[in-house]
Amino acid sequence: MKQLFVVLCFLCSLCASSQLKYPVLSEDSEINLITIGPGPELYDAFGHTAIQVFDKSNDINVVFNYGVFDFDTPNFYLKFARGKLLYKLAATSYDDFIYNYKAQERWIKLQELNLDLENRQATFRFLMHNLQEENKYYKYDFFYDNCATRPYYAIASGLGNSLQMDYSQQEKGLSHRDLIHQYIPWNSWGSLGIDVALGSVIDREATPEEYLFLPNELLSAFAKAKISTSEGNKPFTLDTITAYIPTESHSYGSIFVLSPLFIFSILSLLIIYKTYKDYIKKYKIGWLDVLLLSLTGFIGILISFLWLGTDHTATAWNYNLLWAFPFHILAAFIISKSNPPRWIYPYMKLAIILMLLLFFHWIIGVQKYPFALLPLLIAITMRYLFILRSLRTLRDS
C-alpha cells in the first residue's frame, strides 16, 4: 500500500504543477526490464514487457506499463476493430503488477540494466514525462508501436550510440508472420484468423530491430547488448533474475480432430463428393453454391474493411481477397436463378482466374496463406468449375 501511495503521489504531482520536478534517484537505484511470458488467452500469447524503477533509499518501487487500455472507452469494440483504440502508459506498484501475472501463471524475468545514475535518472524522467495526461496515450500498433517497442525506445533513446545492440541470437530471414507462428501453431484457429486478417505486408523479411515487437526477442537482445563507457564496453544487463516460474504452461493449439486442417479437410471431401455426384447426375446449381459464394463474399467484405476502413498497418495488401472476393455475395443472390443474367458466366470465369492467381501467389511467395485452408480452397475451385460448366450448359440450351 505504501508503494501504491507513492505512485499516487507521483500522479498528483504531475497534475498539480506545470513546472515538473521528479524525485532524484539514489546511487543504489535500479532500472529493470520486466518480461512476462505467454498467458492463457490468445492475446497474451506473445508475452508482455514493462519497466521497473526501484530505489530502496527513496521507497520507490514502481512499474511503468505501456500495455493498458480502458474497456469503458466509448465505442470500444468499433475503435479496436478500426485500429483507433488508444493505449496508454500507466504506473502501478511492483507488488500489484507481479501479483497479477503470477495469478495468470506466467513466467516473470527481471533484467537489471547497466545504467549509470545519470542515465537512470534520464530514463525515469522520460517515463514520468510520458505519464502526464497529455502524453500517456498512443495509438497501438502490434508490430511497430506496442508494449515492447515503447519500453525499448524509452530506454534506448537517451543512450544514443553508447548502446550497441547485438542481434546474433536471432534466427535470420524471418518475416513478421514467421515470428507470429513461433508463438501460435499454424494449425490453430487463432493462427487461421491472424493469417486471414493480415496482409502481405507482414510477409517481407523483418529487420533485426523489428523483431523487438516480441517481448522475448527484446529480452534476448538486451542480454547480448553492450554499452560503451569511458572504461570500455560493458554488458548492458547486469543480471537476469527469474522472479516467478509457473506450475503450468499455456498452449494455443487444439487437438487434431478439432483443428482447422482436420475440419476443413472433412468439409472439402464433402464438397468434392457432392460436386462429383452433381456432375454425374447433371444437377443444376443449388444451395451449396449459394452458400459458398455468400460466405466467401462476406469474409471478403470483412477483409476489405480491415484493409481500407481501418488504421491497422498490417491488414493492407491482403491477397486473401482472391478467394474471399466481396462481390461473390452479389453473385450468390442470382447464381441459382433459372435465367441468370449473361454477365454471371464471365464473372465465374473471373472467380476461377482469381483462385489460380492465389495459388500462383502462394508458390512464388507474394503472401503466405493459411495452410489449413488449402483443402477447402481446392474444393472451392472445383466447385467453381462445376458452376461454370452448369452456366455454360444453361446458356447453350
# chains A, B, ... in the order shown; residues from 1 in each chain; ligands from 1
>>> select_by_dssp(residues="segment 2-244 of chain A", states="strand (DSSP E)", output="PyMOL selection string")
chain A and resi 30-36+48-55+60-68+86-93+108-113+137-139+163-164+226-229+232-235+237-244
>>> residues_around(residues="segment 42-47 of chain A", least_positions_apart="3", cutoff="8 Å", atoms="only C-alpha atoms", output="PyMOL selection string")
chain A and resi 35-39+183-184+190+214-216+252
>>> atom_distance(atom1="atom CA of Gly300 of chain A", atom2="atom CA of His328 of chain A")
8.4 Å
>>> closest_atom_pairs(of="segment 267-359 of chain A", to="segment 372-387 of chain A", cutoff="7 Å", atoms="only C-alpha atoms", output="CSV")
residue,atom,partner,partner_atom,distance
A:Ser268,CA,A:Leu376,CA,5.0
A:Ile271,CA,A:Ala379,CA,6.3
A:Ile272,CA,A:Ala379,CA,5.8
A:Thr275,CA,A:Arg383,CA,6.2
A:Ile285,CA,A:Ile387,CA,6.3
A:Met348,CA,A:Tyr384,CA,6.9
A:Ile352,CA,A:Thr381,CA,6.4
A:Met355,CA,A:Thr381,CA,6.6
>>> residues_around(residues="Phe69 of chain A", least_positions_apart="3", cutoff="9 Å", atoms="only C-alpha atoms", output="list in words")
Tyr66, Asp72, Thr73, Leu85, Leu86, Tyr87, Lys88 and Leu89 of chain A
>>> write_last_selection(atoms="all heavy atoms", output="PDB file, in the first residue's frame")
ATOM      1  N   TYR A  66       3.166   0.115 -20.585  1.00  0.00           N
ATOM      2  CA  TYR A  66       2.587   0.732 -21.787  1.00  0.00           C
ATOM      3  C   TYR A  66       1.441  -0.089 -22.379  1.00  0.00           C
ATOM      4  O   TYR A  66       0.903   0.285 -23.417  1.00  0.00           O
ATOM      5  CB  TYR A  66       3.668   0.902 -22.856  1.00  0.00           C
ATOM      6  CG  TYR A  66       4.569   2.097 -22.654  1.00  0.00           C
ATOM      7  CD1 TYR A  66       5.815   1.958 -22.045  1.00  0.00           C
ATOM      8  CD2 TYR A  66       4.190   3.360 -23.079  1.00  0.00           C
ATOM      9  CE1 TYR A  66       6.663   3.051 -21.873  1.00  0.00           C
ATOM     10  CE2 TYR A  66       5.023   4.460 -22.913  1.00  0.00           C
ATOM     11  CZ  TYR A  66       6.253   4.300 -22.310  1.00  0.00           C
ATOM     12  OH  TYR A  66       7.078   5.388 -22.134  1.00  0.00           O
ATOM     13  N   ASP A  72     -13.879   0.940 -20.811  1.00  0.00           N
ATOM     14  CA  ASP A  72     -15.034   1.847 -20.755  1.00  0.00           C
ATOM     15  C   ASP A  72     -14.982   2.924 -21.821  1.00  0.00           C
ATOM     16  O   ASP A  72     -15.828   3.816 -21.839  1.00  0.00           O
ATOM     17  CB  ASP A  72     -15.110   2.494 -19.364  1.00  0.00           C
ATOM     18  CG  ASP A  72     -15.414   1.472 -18.268  1.00  0.00           C
ATOM     19  OD1 ASP A  72     -16.125   0.498 -18.559  1.00  0.00           O
ATOM     20  OD2 ASP A  72     -14.924   1.646 -17.139  1.00  0.00           O
ATOM     21  N   THR A  73     -13.977   2.861 -22.696  1.00  0.00           N
ATOM     22  CA  THR A  73     -13.900   3.822 -23.794  1.00  0.00           C
ATOM     23  C   THR A  73     -15.166   3.752 -24.650  1.00  0.00           C
ATOM     24  O   THR A  73     -15.599   2.659 -25.014  1.00  0.00           O
ATOM     25  CB  THR A  73     -12.672   3.518 -24.678  1.00  0.00           C
ATOM     26  OG1 THR A  73     -11.489   3.592 -23.887  1.00  0.00           O
ATOM     27  CG2 THR A  73     -12.581   4.505 -25.830  1.00  0.00           C
ATOM     28  N   LEU A  85      -8.197   2.533 -31.230  1.00  0.00           N
ATOM     29  CA  LEU A  85      -8.221   2.457 -29.776  1.00  0.00           C
ATOM     30  C   LEU A  85      -6.887   2.935 -29.223  1.00  0.00           C
ATOM     31  O   LEU A  85      -5.827   2.472 -29.639  1.00  0.00           O
ATOM     32  CB  LEU A  85      -8.494   1.027 -29.317  1.00  0.00           C
ATOM     33  CG  LEU A  85      -8.569   0.816 -27.803  1.00  0.00           C
ATOM     34  CD1 LEU A  85      -9.781   1.545 -27.225  1.00  0.00           C
ATOM     35  CD2 LEU A  85      -8.639  -0.673 -27.467  1.00  0.00           C
ATOM     36  N   LEU A  86      -6.956   3.857 -28.275  1.00  0.00           N
ATOM     37  CA  LEU A  86      -5.745   4.401 -27.671  1.00  0.00           C
ATOM     38  C   LEU A  86      -5.307   3.543 -26.484  1.00  0.00           C
ATOM     39  O   LEU A  86      -6.109   3.229 -25.607  1.00  0.00           O
ATOM     40  CB  LEU A  86      -5.971   5.846 -27.214  1.00  0.00           C
ATOM     41  CG  LEU A  86      -6.254   6.875 -28.316  1.00  0.00           C
ATOM     42  CD1 LEU A  86      -6.467   8.253 -27.701  1.00  0.00           C
ATOM     43  CD2 LEU A  86      -5.106   6.925 -29.320  1.00  0.00           C
ATOM     44  N   TYR A  87      -4.047   3.175 -26.490  1.00  0.00           N
ATOM     45  CA  TYR A  87      -3.425   2.560 -25.329  1.00  0.00           C
ATOM     46  C   TYR A  87      -2.758   3.667 -24.521  1.00  0.00           C
ATOM     47  O   TYR A  87      -2.630   4.804 -24.987  1.00  0.00           O
ATOM     48  CB  TYR A  87      -2.395   1.515 -25.756  1.00  0.00           C
ATOM     49  CG  TYR A  87      -2.985   0.184 -26.146  1.00  0.00           C
ATOM     50  CD1 TYR A  87      -3.921   0.073 -27.163  1.00  0.00           C
ATOM     51  CD2 TYR A  87      -2.596  -0.984 -25.496  1.00  0.00           C
ATOM     52  CE1 TYR A  87      -4.454  -1.154 -27.526  1.00  0.00           C
ATOM     53  CE2 TYR A  87      -3.119  -2.225 -25.850  1.00  0.00           C
ATOM     54  CZ  TYR A  87      -4.045  -2.293 -26.861  1.00  0.00           C
ATOM     55  OH  TYR A  87      -4.582  -3.512 -27.221  1.00  0.00           O
ATOM     56  N   LYS A  88      -2.297   3.326 -23.334  1.00  0.00           N
ATOM     57  CA  LYS A  88      -1.678   4.356 -22.509  1.00  0.00           C
ATOM     58  C   LYS A  88      -0.614   3.765 -21.600  1.00  0.00           C
ATOM     59  O   LYS A  88      -0.560   2.557 -21.351  1.00  0.00           O
ATOM     60  CB  LYS A  88      -2.731   5.075 -21.669  1.00  0.00           C
ATOM     61  CG  LYS A  88      -3.394   4.211 -20.609  1.00  0.00           C
ATOM     62  CD  LYS A  88      -4.419   5.011 -19.811  1.00  0.00           C
ATOM     63  CE  LYS A  88      -5.089   4.127 -18.746  1.00  0.00           C
ATOM     64  NZ  LYS A  88      -6.090   4.887 -17.971  1.00  0.00           N
ATOM     65  N   LEU A  89       0.241   4.654 -21.121  1.00  0.00           N
ATOM     66  CA  LEU A  89       1.210   4.296 -20.107  1.00  0.00           C
ATOM     67  C   LEU A  89       0.557   4.452 -18.741  1.00  0.00           C
ATOM     68  O   LEU A  89      -0.107   5.457 -18.468  1.00  0.00           O
ATOM     69  CB  LEU A  89       2.432   5.221 -20.203  1.00  0.00           C
ATOM     70  CG  LEU A  89       3.469   5.113 -19.087  1.00  0.00           C
ATOM     71  CD1 LEU A  89       4.116   3.735 -19.083  1.00  0.00           C
ATOM     72  CD2 LEU A  89       4.522   6.201 -19.224  1.00  0.00           C
TER      73      LEU A  89
END
>>> atom_distance(atom1="atom CA of Cys147 of chain A", atom2="atom CA of Leu179 of chain A")
16.5 Å
>>> closest_residue(among="A:Gly199, A:Leu394, A:Leu388, A:Tyr144", to="Leu350 of chain A", atoms="only C-alpha atoms")
A:Leu388
>>> closest_residue(among="A:Phe222, A:Tyr369, A:Phe325, A:Trp343", to="Arg177 of chain A", atoms="only C-alpha atoms")
A:Tyr369
>>> residues_around(residues="Pro235 of chain A", least_positions_apart="2", cutoff="10 Å", atoms="only C-alpha atoms", output="JSON, numbers by chain")
{"A": [113, 114, 163, 164, 222, 223, 224, 225, 226, 227, 228, 233, 237, 238, 239]}
>>> closest_residue(among="A:Val24, A:Gln104, A:Arg150, A:Gly309", to="Ala122 of chain A", atoms="only C-alpha atoms")
A:Val24
>>> select_by_dssp(residues="segment 238-376 of chain A", states="alpha helix (DSSP H)", output="count of residues only")
74
>>> residues_around(residues="Leu293 of chain A", least_positions_apart="6", cutoff="9 Å", atoms="only C-alpha atoms", output="list of chain:residue names")
A:Ala324, A:Phe325, A:Phe327, A:His328, A:Ile329, A:Leu330, A:Ala331, A:Ala332, A:Phe333
>>> closest_residue(among="A:Leu115, A:Arg120, A:Asn61, A:Asp289", to="Asp96 of chain A", atoms="only C-alpha atoms")
A:Asn61
>>> atom_distance(atom1="atom CA of Thr393 of chain A", atom2="atom CA of Phe359 of chain A")
27.5 Å
>>> closest_residue(among="A:Leu356, A:Leu291, A:Leu219, A:Leu159", to="Asn32 of chain A", atoms="only C-alpha atoms")
A:Leu219
>>> residues_around(residues="Glu105 of chain A", least_positions_apart="4", cutoff="8 Å", atoms="only C-alpha atoms", output="VMD selection string")
chain A and resid 39 101 245 to 249
>>> closest_residue(among="A:Ser304, A:Thr207, A:Lys109, A:Glu217", to="Ala316 of chain A", atoms="only C-alpha atoms")
A:Ser304
>>> decode(residues="segment 219-332 of chain A", atoms="C-alpha atoms", output="CSV table (one decimal), in the first residue's frame")
chain,number,residue,atom,x,y,z
A,219,LEU,CA,14.8,-9.8,-23.5
A,220,SER,CA,17.3,-11.8,-25.6
A,221,ALA,CA,18.7,-8.7,-27.4
A,222,PHE,CA,19.3,-6.8,-24.2
A,223,ALA,CA,21.1,-9.9,-22.7
A,224,LYS,CA,23.5,-9.7,-25.6
A,225,ALA,CA,23.8,-5.9,-25.9
A,226,LYS,CA,26.8,-3.9,-24.8
A,227,ILE,CA,27.1,-0.3,-23.5
A,228,SER,CA,30.1,1.8,-24.2
A,229,THR,CA,31.6,3.7,-21.2
A,230,SER,CA,34.8,5.6,-20.6
A,231,GLU,CA,36.2,2.3,-19.3
A,232,GLY,CA,35.3,0.4,-22.4
A,233,ASN,CA,32.3,-1.8,-23.5
A,234,LYS,CA,30.4,-3.5,-20.7
A,235,PRO,CA,27.3,-5.8,-20.7
A,236,PHE,CA,24.1,-3.9,-20.9
A,237,THR,CA,22.4,-6.1,-18.4
A,238,LEU,CA,24.0,-6.8,-15.0
A,239,ASP,CA,21.8,-9.8,-14.1
A,240,THR,CA,18.7,-11.7,-15.2
A,241,ILE,CA,16.5,-12.9,-12.4
A,242,THR,CA,13.6,-15.3,-12.8
A,243,ALA,CA,11.0,-13.8,-10.4
A,244,TYR,CA,8.4,-16.5,-11.0
A,245,ILE,CA,8.2,-19.9,-12.6
A,246,PRO,CA,4.7,-21.1,-13.4
A,247,THR,CA,3.5,-24.5,-12.5
A,248,GLU,CA,1.8,-25.0,-15.9
A,249,SER,CA,2.5,-24.0,-19.5
A,250,HIS,CA,0.0,-22.4,-21.9
A,251,SER,CA,-0.9,-23.9,-25.3
A,252,TYR,CA,-2.8,-22.2,-28.1
A,253,GLY,CA,-3.3,-25.2,-30.4
A,254,SER,CA,-6.2,-27.7,-30.3
A,255,ILE,CA,-6.5,-31.4,-30.5
A,256,PHE,CA,-6.2,-32.5,-34.2
A,257,VAL,CA,-9.8,-33.6,-34.6
A,258,LEU,CA,-10.9,-30.0,-33.7
A,259,SER,CA,-8.1,-28.3,-35.6
A,260,PRO,CA,-8.8,-26.2,-38.8
A,261,LEU,CA,-6.9,-28.6,-41.0
A,262,PHE,CA,-8.9,-31.6,-40.0
A,263,ILE,CA,-12.3,-29.8,-40.1
A,264,PHE,CA,-11.6,-28.1,-43.4
A,265,SER,CA,-10.3,-31.4,-44.9
A,266,ILE,CA,-13.6,-33.1,-43.9
A,267,LEU,CA,-15.7,-30.3,-45.4
A,268,SER,CA,-13.6,-30.3,-48.5
A,269,LEU,CA,-14.1,-34.0,-49.1
A,270,LEU,CA,-17.9,-33.5,-48.7
A,271,ILE,CA,-17.8,-30.6,-51.2
A,272,ILE,CA,-15.8,-32.7,-53.7
A,273,TYR,CA,-18.1,-35.7,-53.2
A,274,LYS,CA,-21.2,-33.6,-53.8
A,275,THR,CA,-19.6,-31.9,-56.8
A,276,TYR,CA,-18.9,-35.3,-58.3
A,277,LYS,CA,-22.4,-36.5,-57.7
A,278,ASP,CA,-23.9,-33.3,-59.1
A,279,TYR,CA,-21.7,-33.6,-62.2
A,280,ILE,CA,-22.6,-37.3,-62.8
A,281,LYS,CA,-26.3,-36.7,-62.3
A,282,LYS,CA,-26.2,-33.3,-64.2
A,283,TYR,CA,-27.7,-31.4,-61.3
A,284,LYS,CA,-28.1,-27.7,-61.6
A,285,ILE,CA,-26.6,-25.0,-59.4
A,286,GLY,CA,-28.0,-25.3,-55.9
A,287,TRP,CA,-27.8,-24.4,-52.3
A,288,LEU,CA,-24.2,-25.3,-51.8
A,289,ASP,CA,-23.1,-22.8,-54.5
A,290,VAL,CA,-25.2,-20.1,-52.9
A,291,LEU,CA,-23.7,-20.9,-49.5
A,292,LEU,CA,-20.1,-20.9,-50.7
A,293,LEU,CA,-20.4,-17.6,-52.6
A,294,SER,CA,-22.2,-16.0,-49.7
A,295,LEU,CA,-19.6,-17.0,-47.1
A,296,THR,CA,-16.6,-16.1,-49.2
A,297,GLY,CA,-18.2,-12.8,-50.2
A,298,PHE,CA,-19.0,-11.9,-46.6
A,299,ILE,CA,-15.4,-12.8,-45.5
A,300,GLY,CA,-14.2,-10.6,-48.4
A,301,ILE,CA,-16.2,-7.7,-47.1
A,302,LEU,CA,-14.6,-8.0,-43.6
A,303,ILE,CA,-11.1,-8.3,-45.2
A,304,SER,CA,-11.8,-5.2,-47.3
A,305,PHE,CA,-12.9,-3.3,-44.2
A,306,LEU,CA,-9.8,-4.2,-42.3
A,307,TRP,CA,-7.6,-3.1,-45.2
A,308,LEU,CA,-9.4,0.1,-46.4
A,309,GLY,CA,-11.6,1.1,-43.4
A,310,THR,CA,-9.1,0.9,-40.5
A,311,ASP,CA,-5.8,2.3,-39.4
A,312,HIS,CA,-4.2,-1.1,-39.0
A,313,THR,CA,-1.0,-1.2,-41.0
A,314,ALA,CA,-0.7,-5.0,-41.0
A,315,THR,CA,-4.1,-5.6,-42.8
A,316,ALA,CA,-3.0,-3.8,-46.0
A,317,TRP,CA,-2.5,-5.6,-49.4
A,318,ASN,CA,-4.3,-8.7,-48.2
A,319,TYR,CA,-4.5,-11.1,-51.2
A,320,ASN,CA,-6.9,-13.4,-49.3
A,321,LEU,CA,-9.3,-11.3,-51.3
A,322,LEU,CA,-8.5,-13.5,-54.2
A,323,TRP,CA,-10.6,-16.3,-52.7
A,324,ALA,CA,-12.8,-14.2,-50.5
A,325,PHE,CA,-13.9,-11.8,-53.1
A,326,PRO,CA,-16.5,-9.3,-51.8
A,327,PHE,CA,-18.7,-9.3,-55.0
A,328,HIS,CA,-19.3,-13.0,-54.5
A,329,ILE,CA,-22.1,-12.1,-52.1
A,330,LEU,CA,-23.9,-10.4,-55.1
A,331,ALA,CA,-23.3,-13.4,-57.3
A,332,ALA,CA,-24.8,-15.6,-54.6
